[in-house]
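Asker: Just data14.cif, nothing more (mmCIF, C-alpha atoms):
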```cif
data_model
#
loop_
_atom_site.label_atom_id
_atom_site.label_comp_id
_atom_site.auth_asym_id
_atom_site.auth_seq_id
_atom_site.Cartn_x
_atom_site.Cartn_y
_atom_site.Cartn_z
CA MET A 1316 4.26 15.74 83.92
CA ALA A 1317 2.61 19.16 84.02
CA HIS A 1318 -1.14 19.45 83.71
CA ASP A 1319 -3.03 22.10 81.82
CA ASP A 1320 -5.47 24.13 83.90
CA VAL A 1321 -8.89 22.50 84.10
CA TYR A 1322 -11.97 24.60 84.86
CA CYS A 1323 -15.50 23.54 85.84
CA THR A 1324 -17.80 23.76 82.83
CA ARG A 1325 -20.67 24.91 85.06
CA CYS A 1326 -19.11 27.49 87.43
CA ASP A 1327 -15.65 28.16 85.92
CA ALA A 1328 -13.83 27.26 89.16
CA LEU A 1329 -10.23 26.10 88.77
CA LEU A 1330 -10.15 22.33 89.38
CA ASP A 1331 -7.46 19.89 90.40
CA PRO A 1332 -7.00 17.84 87.19
CA ASP A 1333 -6.60 14.66 89.26
CA THR A 1334 -9.97 15.05 91.00
CA ALA A 1335 -12.09 16.71 88.29
CA VAL A 1336 -15.25 14.77 87.43
CA TRP A 1337 -15.67 14.15 83.71
CA LEU A 1338 -19.21 13.76 82.39
CA GLU A 1339 -20.45 12.98 78.90
CA LEU A 1340 -23.06 15.64 78.21
CA ASP A 1341 -26.26 14.80 76.35
CA LEU A 1342 -26.93 17.62 73.89
CA LEU A 1343 -30.72 17.13 74.03
CA THR A 1344 -31.21 16.95 77.80
CA ASP A 1345 -28.13 18.76 79.20
CA ILE A 1346 -27.72 15.82 81.60
CA GLY A 1347 -24.19 14.57 82.26
CA HIS A 1348 -23.36 10.87 82.36
CA PRO A 1349 -20.24 9.59 84.16
CA GLU A 1350 -17.80 7.15 82.63
CA GLY A 1351 -19.15 3.63 82.91
CA ALA A 1352 -22.79 4.75 83.04
CA GLN A 1353 -25.11 3.73 80.25
CA PHE A 1354 -25.45 6.68 77.85
CA PRO A 1355 -29.00 6.82 76.45
CA VAL A 1356 -29.34 4.98 73.14
CA ASP A 1357 -31.34 7.90 71.73
CA GLY A 1358 -29.03 10.51 73.31
CA HIS A 1359 -26.74 12.87 71.44
CA SER A 1360 -23.28 13.15 72.97
CA HIS A 1361 -21.87 16.66 73.08
CA GLY A 1362 -18.57 15.27 74.38
CA TRP A 1363 -16.82 15.04 77.74
CA PHE A 1364 -16.69 18.01 80.09
CA ALA A 1365 -14.96 18.63 83.43
CA TYR A 1366 -16.88 19.55 86.61
CA GLY A 1367 -16.21 19.96 90.30
CA SER A 1368 -17.91 17.34 92.46
CA GLY A 1369 -20.79 19.61 93.56
CA CYS A 1370 -21.53 20.82 90.06
CA ALA A 1371 -21.20 17.28 88.65
CA LYS A 1372 -23.97 16.07 90.98
CA LYS A 1373 -26.28 18.84 89.76
CA VAL A 1374 -25.48 18.26 86.08
CA ALA A 1375 -26.02 14.51 86.47
CA LYS A 1376 -29.50 15.26 87.86
CA GLY A 1377 -30.27 17.80 85.13
CA GLU A 1378 -30.44 20.70 87.60
CA ASP A 1379 -29.57 24.24 86.50
#
```
Just give me the structure of the file as structure tokens.
Answerer:
Amino acid sequence: MAHDDVYCTRCDALLDPDTAVWLELDLLTDIGHPEGAQFPVDGHSHGWFAYGSGCAKKVAKGED
């Protein structure tokens, strides 16, 4: 099965679709939450976005 190209939401790098990190982005805080993590009850989901591992770590910490 062919994959569509997946790009990092933060840096636009082309990602391997099998290793991309998907985070649910909180619209109010711009902090990403991985699958299985507790999304804040008062958060506002902006949806799921793909990141490379380095960028995902920064987004999960709320870093620019």
Asker: Here is a test: counting all atoms listed in the file, which residue of A:Cys1326, A:Leu1338, A:Val1321, A:Ala1352 is nearest to Phe1364 in chain A?
Answerer: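 Closest candidate: A:Leu1338.
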Asker: Separation of CA of Asp1345 in chain A and CA of Val1374 in chain A, in Å?
Answerer: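 CA of Val1374 in chain A lies 7.4 Å from CA of Asp1345 in chain A.
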Asker: Rank nothing, just name the residue among A:Leu1329, A:Ala1335, A:Ile1346, A:Leu1340 nearest to Ser1368 in chain A, using all atoms listed in the file.
Answerer: A:Ala1335
Asker: Return the single residue from A:Cys1323, A:Ala1375, A:Val1336, A:Ala1328 that is closest to Phe1354 in chain A, with distances computed using all atoms listed in the file.
Answerer: A:Ala1375
Asker: Starting from the point (-26.4, 18.0, 73.4), work out which residues of protein, DNA or RNA have an atom no more than 8 Å away when counting only C-alpha atoms; state them as a list in words.
Answerer: Leu1340, Asp1341, Leu1342, Leu1343, Thr1344, Asp1345, Gly1358, His1359, Ser1360 and His1361 of chain A
Asker: When the PyMOL selection byres ((chain A and resi 1372) around 12) is applied to the file above, which residues end up in the set, as an mmCIF file with C-alpha atoms, in the frame of the given file?
Answerer:
```cif
data_model
loop_
_atom_site.group_PDB
_atom_site.id
_atom_site.type_symbol
_atom_site.label_atom_id
_atom_site.label_comp_id
_atom_site.auth_asym_id
_atom_site.auth_seq_id
_atom_site.Cartn_x
_atom_site.Cartn_y
_atom_site.Cartn_z
ATOM 1 C CA ARG A 1325 -20.670 24.910 85.060
ATOM 2 C CA VAL A 1336 -15.250 14.770 87.430
ATOM 3 C CA TRP A 1337 -15.670 14.150 83.710
ATOM 4 C CA LEU A 1338 -19.210 13.760 82.390
ATOM 5 C CA ILE A 1346 -27.720 15.820 81.600
ATOM 6 C CA GLY A 1347 -24.190 14.570 82.260
ATOM 7 C CA HIS A 1348 -23.360 10.870 82.360
ATOM 8 C CA PRO A 1349 -20.240 9.590 84.160
ATOM 9 C CA TYR A 1366 -16.880 19.550 86.610
ATOM 10 C CA GLY A 1367 -16.210 19.960 90.300
ATOM 11 C CA SER A 1368 -17.910 17.340 92.460
ATOM 12 C CA GLY A 1369 -20.790 19.610 93.560
ATOM 13 C CA CYS A 1370 -21.530 20.820 90.060
ATOM 14 C CA ALA A 1371 -21.200 17.280 88.650
ATOM 15 C CA LYS A 1373 -26.280 18.840 89.760
ATOM 16 C CA VAL A 1374 -25.480 18.260 86.080
ATOM 17 C CA ALA A 1375 -26.020 14.510 86.470
ATOM 18 C CA LYS A 1376 -29.500 15.260 87.860
ATOM 19 C CA GLY A 1377 -30.270 17.800 85.130
ATOM 20 C CA GLU A 1378 -30.440 20.700 87.600
ATOM 21 C CA ASP A 1379 -29.570 24.240 86.500
#
```
Asker: Determine the nearest neighbour of Gly1362 in chain A from the options A:Glu1339, A:Pro1332, A:Glu1350, A:Asp1320, counting all atoms listed in the file.
Answerer: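 Selected residue with least distance to Gly1362 in chain A: A:Glu1339.
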